[in-house]
Amino acid sequence: MSTRSAQIMRRARAVTPGGVSSPVRAFGGVGGDPFVVERGEGARIWDVDGREYIDYVLSWGPLALGHAAPAVLDAVAAAMARGTSFGIPCESETELAELIVRRMPHVEMLRFVSSGTEATMSAIRLARAATGRDAILKFDGCYHGHADSFLVRAGSGVATLGLPNSPGVPDQVACLTLVAPFNDADAVCRMARSAAGGLAAIIVEPVVGNAGFIPPDPAFLPALRQIADEAGALLIFDEVMTGFRIAPGGARERFGVTPDLTTLGKVIGGGLPAAAYGGRRDLMEMMAPTGAVYQADTLSGNPLAMAAGLATLRALTPELHARIAGRTTRLVTGLRAAAARRGVPFSAESAGSMWGFFFRAEPVRTFTDARASDVALFRRFFHEALARGVYLAPSPFESAFMSAAHGDAEIGATLDRLDDALGAVVS
Ligand code: PLP
């Protein structure tokens, strides 16, 4: 018998490519059809057939407080009663910018946009304008949105679908993007020295989330700072995913390395479309209208998104952040123990409220390592987890998240269900 999800997906595929508004949602990395969601509350979502799941995707990261968090709903409702969009300054933009600048003092000024893609694309434009150079350096398996410059050996859905370089990106643009292995400072050094005309920027996910979860080796980010300085290039931390997840003040607070520019998204919109790029004042003042580098957006700084972001960040105090991080550690430690008991080759790590795992005994430090994990086992595990009511990202090359709504009861239930799912894939 056909489920309601299957019926809706059949209709969706007739009118949208793959039936989805973003490729990874199509379950291409794990096989089968996605379920269609009806609603969410706290740590849980329900599909249109009434099945309940504990959700570790959380809209791919933004929902730090969980689904339908009352503080966010109230703030959005109050903002909405005053109107949905104006295209002229609202005080809430300044309030959210001030809050971000307080938590991330190296972000001296910022500009709001509506998506992470716009944030990284604009940051690169600014870096090119500031340095007068064209080449950028990114890392194998890192994903920085879908702008042309970044669709070169990218992670996330691009890697999941095995399309590392996208048709439609002109060679003349792609050849300006150099790609180094993550955690390999020597390779970065060599490439920075040999880049014709010099590098405009090194852009990095300080903790990789889009090739699965890969933390930086302790010396890696300091080395990038030094190499960028020697090369006269800017260092850009793409914190669209890690921002307000790996530490209350992001990567600089966690690793003690200060980038020139930072890109943010996901959590700062609390589940509505908001993102930002920011950093050194002298650089940000190069943006129009104070400077000549152009970037604009009809809906940026949208008052509903600002309200959701403000409610989320105000609630996300360092104390709450520590509590969520503690629960994330409990989950990851429990998973490692379950895999060890069952003799499954497994590694799992976390930073703050971001976590991930691979079916591979050795630690994963590069995208090459990630690809060498047991991807077929991941696919089976994903479906066994889903059948037991745990929704993980439908790809071995994505991270998982935790929210304030995932309490001890949810963590306990998740550990029991995933232990059972592990049993099913190894039996
Ligand atoms: N940068 C990083 C690190 C991301 O994880 C993403 C999206 O997942 C982006 C940029 C692009 O953001 P968006 O999907 O909002 O365009």
# chains A, B, ... in the order shown; residues from 1 in each chain; ligands from 1
call {"tool": "residues_near_ligand", "arguments": {"ligand": "ligand 1", "cutoff": "7 Å", "atoms": "only C-alpha atoms and all ligand atoms", "output": "MDAnalysis selection string"}}
result
chainID A and resid 60 115:118 120 143:146 205 209:210 238:241 265:266
call {"tool": "residues_around", "arguments": {"residues": "A:Ala400", "least_positions_apart": "5", "cutoff": "10 Å", "atoms": "only C-alpha atoms", "output": "PyMOL selection string"}}
result
chain A and resi 55-58+60-61+209+212-213+328+350+353-357+391-393
call {"tool": "residues_around", "arguments": {"residues": "A:Asp49", "least_positions_apart": "4", "cutoff": "12 Å", "atoms": "only C-alpha atoms", "output": "PyMOL selection string"}}
result
chain A and resi 2-8+35-39+45+53
call {"tool": "write_last_selection", "arguments": {"atoms": "N, CA, C and O atoms", "output": "PDB file, in the first residue's frame"}}
result
ATOM      1  N   SER A   2       0.512   2.200  -0.807  1.00  0.00           N
ATOM      2  CA  SER A   2       1.326   3.408  -0.922  1.00  0.00           C
ATOM      3  C   SER A   2       1.080   4.328   0.275  1.00  0.00           C
ATOM      4  O   SER A   2      -0.057   4.558   0.677  1.00  0.00           O
ATOM      5  N   THR A   3       2.176   4.838   0.852  1.00  0.00           N
ATOM      6  CA  THR A   3       2.021   5.777   1.968  1.00  0.00           C
ATOM      7  C   THR A   3       1.673   7.159   1.412  1.00  0.00           C
ATOM      8  O   THR A   3       1.853   7.430   0.222  1.00  0.00           O
ATOM      9  N   ARG A   4       1.216   8.036   2.296  1.00  0.00           N
ATOM     10  CA  ARG A   4       0.927   9.407   1.869  1.00  0.00           C
ATOM     11  C   ARG A   4       2.227  10.105   1.445  1.00  0.00           C
ATOM     12  O   ARG A   4       2.245  10.857   0.482  1.00  0.00           O
ATOM     13  N   SER A   5       3.328   9.808   2.168  1.00  0.00           N
ATOM     14  CA  SER A   5       4.641  10.368   1.764  1.00  0.00           C
ATOM     15  C   SER A   5       4.945   9.986   0.320  1.00  0.00           C
ATOM     16  O   SER A   5       5.338  10.825  -0.492  1.00  0.00           O
ATOM     17  N   ALA A   6       4.770   8.706  -0.019  1.00  0.00           N
ATOM     18  CA  ALA A   6       5.094   8.236  -1.383  1.00  0.00           C
ATOM     19  C   ALA A   6       4.199   8.930  -2.405  1.00  0.00           C
ATOM     20  O   ALA A   6       4.656   9.314  -3.492  1.00  0.00           O
ATOM     21  N   GLN A   7       2.920   9.084  -2.055  1.00  0.00           N
ATOM     22  CA  GLN A   7       1.998   9.756  -3.003  1.00  0.00           C
ATOM     23  C   GLN A   7       2.432  11.204  -3.238  1.00  0.00           C
ATOM     24  O   GLN A   7       2.460  11.675  -4.382  1.00  0.00           O
ATOM     25  N   ILE A   8       2.780  11.893  -2.162  1.00  0.00           N
ATOM     26  CA  ILE A   8       3.188  13.305  -2.313  1.00  0.00           C
ATOM     27  C   ILE A   8       4.490  13.396  -3.100  1.00  0.00           C
ATOM     28  O   ILE A   8       4.651  14.261  -3.962  1.00  0.00           O
ATOM     29  N   PHE A  35      10.748  10.673   3.463  1.00  0.00           N
ATOM     30  CA  PHE A  35       9.402  10.876   4.009  1.00  0.00           C
ATOM     31  C   PHE A  35       9.060  12.353   3.850  1.00  0.00           C
ATOM     32  O   PHE A  35       9.940  13.192   3.651  1.00  0.00           O
ATOM     33  N   VAL A  36       7.783  12.657   3.915  1.00  0.00           N
ATOM     34  CA  VAL A  36       7.327  14.051   3.822  1.00  0.00           C
ATOM     35  C   VAL A  36       6.920  14.476   5.225  1.00  0.00           C
ATOM     36  O   VAL A  36       6.135  13.790   5.888  1.00  0.00           O
ATOM     37  N   VAL A  37       7.483  15.580   5.675  1.00  0.00           N
ATOM     38  CA  VAL A  37       7.276  15.988   7.074  1.00  0.00           C
ATOM     39  C   VAL A  37       5.980  16.781   7.213  1.00  0.00           C
ATOM     40  O   VAL A  37       5.584  17.517   6.301  1.00  0.00           O
ATOM     41  N   GLU A  38       5.317  16.601   8.366  1.00  0.00           N
ATOM     42  CA  GLU A  38       4.100  17.384   8.623  1.00  0.00           C
ATOM     43  C   GLU A  38       4.339  18.458   9.670  1.00  0.00           C
ATOM     44  O   GLU A  38       3.931  19.598   9.515  1.00  0.00           O
ATOM     45  N   ARG A  39       5.036  18.073  10.757  1.00  0.00           N
ATOM     46  CA  ARG A  39       5.258  19.074  11.801  1.00  0.00           C
ATOM     47  C   ARG A  39       6.411  18.651  12.698  1.00  0.00           C
ATOM     48  O   ARG A  39       6.866  17.489  12.647  1.00  0.00           O
ATOM     49  N   ILE A  45      10.091  15.171  15.038  1.00  0.00           N
ATOM     50  CA  ILE A  45       9.276  15.531  13.876  1.00  0.00           C
ATOM     51  C   ILE A  45       8.316  14.368  13.589  1.00  0.00           C
ATOM     52  O   ILE A  45       8.574  13.231  13.987  1.00  0.00           O
ATOM     53  N   TYR A  53       9.836  10.750  14.684  1.00  0.00           N
ATOM     54  CA  TYR A  53      11.294  10.560  14.639  1.00  0.00           C
ATOM     55  C   TYR A  53      11.963  11.523  15.621  1.00  0.00           C
ATOM     56  O   TYR A  53      11.556  12.689  15.716  1.00  0.00           O
TER      57      TYR A  53
END
call {"tool": "residues_around", "arguments": {"residues": "A:Ala372", "least_positions_apart": "4", "cutoff": "9 Å", "atoms": "only C-alpha atoms", "output": "PyMOL selection string"}}
result
chain A and resi 360+367-368
call {"tool": "residues_around", "arguments": {"residues": "A:Thr262", "least_positions_apart": "5", "cutoff": "7 Å", "atoms": "only C-alpha atoms", "output": "list of chain:residue names"}}
result
A:Ile236, A:Phe237, A:Asp238, A:Glu239, A:Tyr277, A:Gly278, A:Gly279
call {"tool": "select_by_dssp", "arguments": {"residues": "stretch 50-224 of chain A", "states": "alpha helix (DSSP H)", "output": "PyMOL selection string"}}
result
chain A and resi 70-80+91-103+116-131+156-160+171-174+185-194+220-224
call {"tool": "residues_around", "arguments": {"residues": "A:Ala405", "least_positions_apart": "3", "cutoff": "6 Å", "atoms": "only C-alpha atoms", "output": "PyMOL selection string"}}
result
chain A and resi 42-43+66
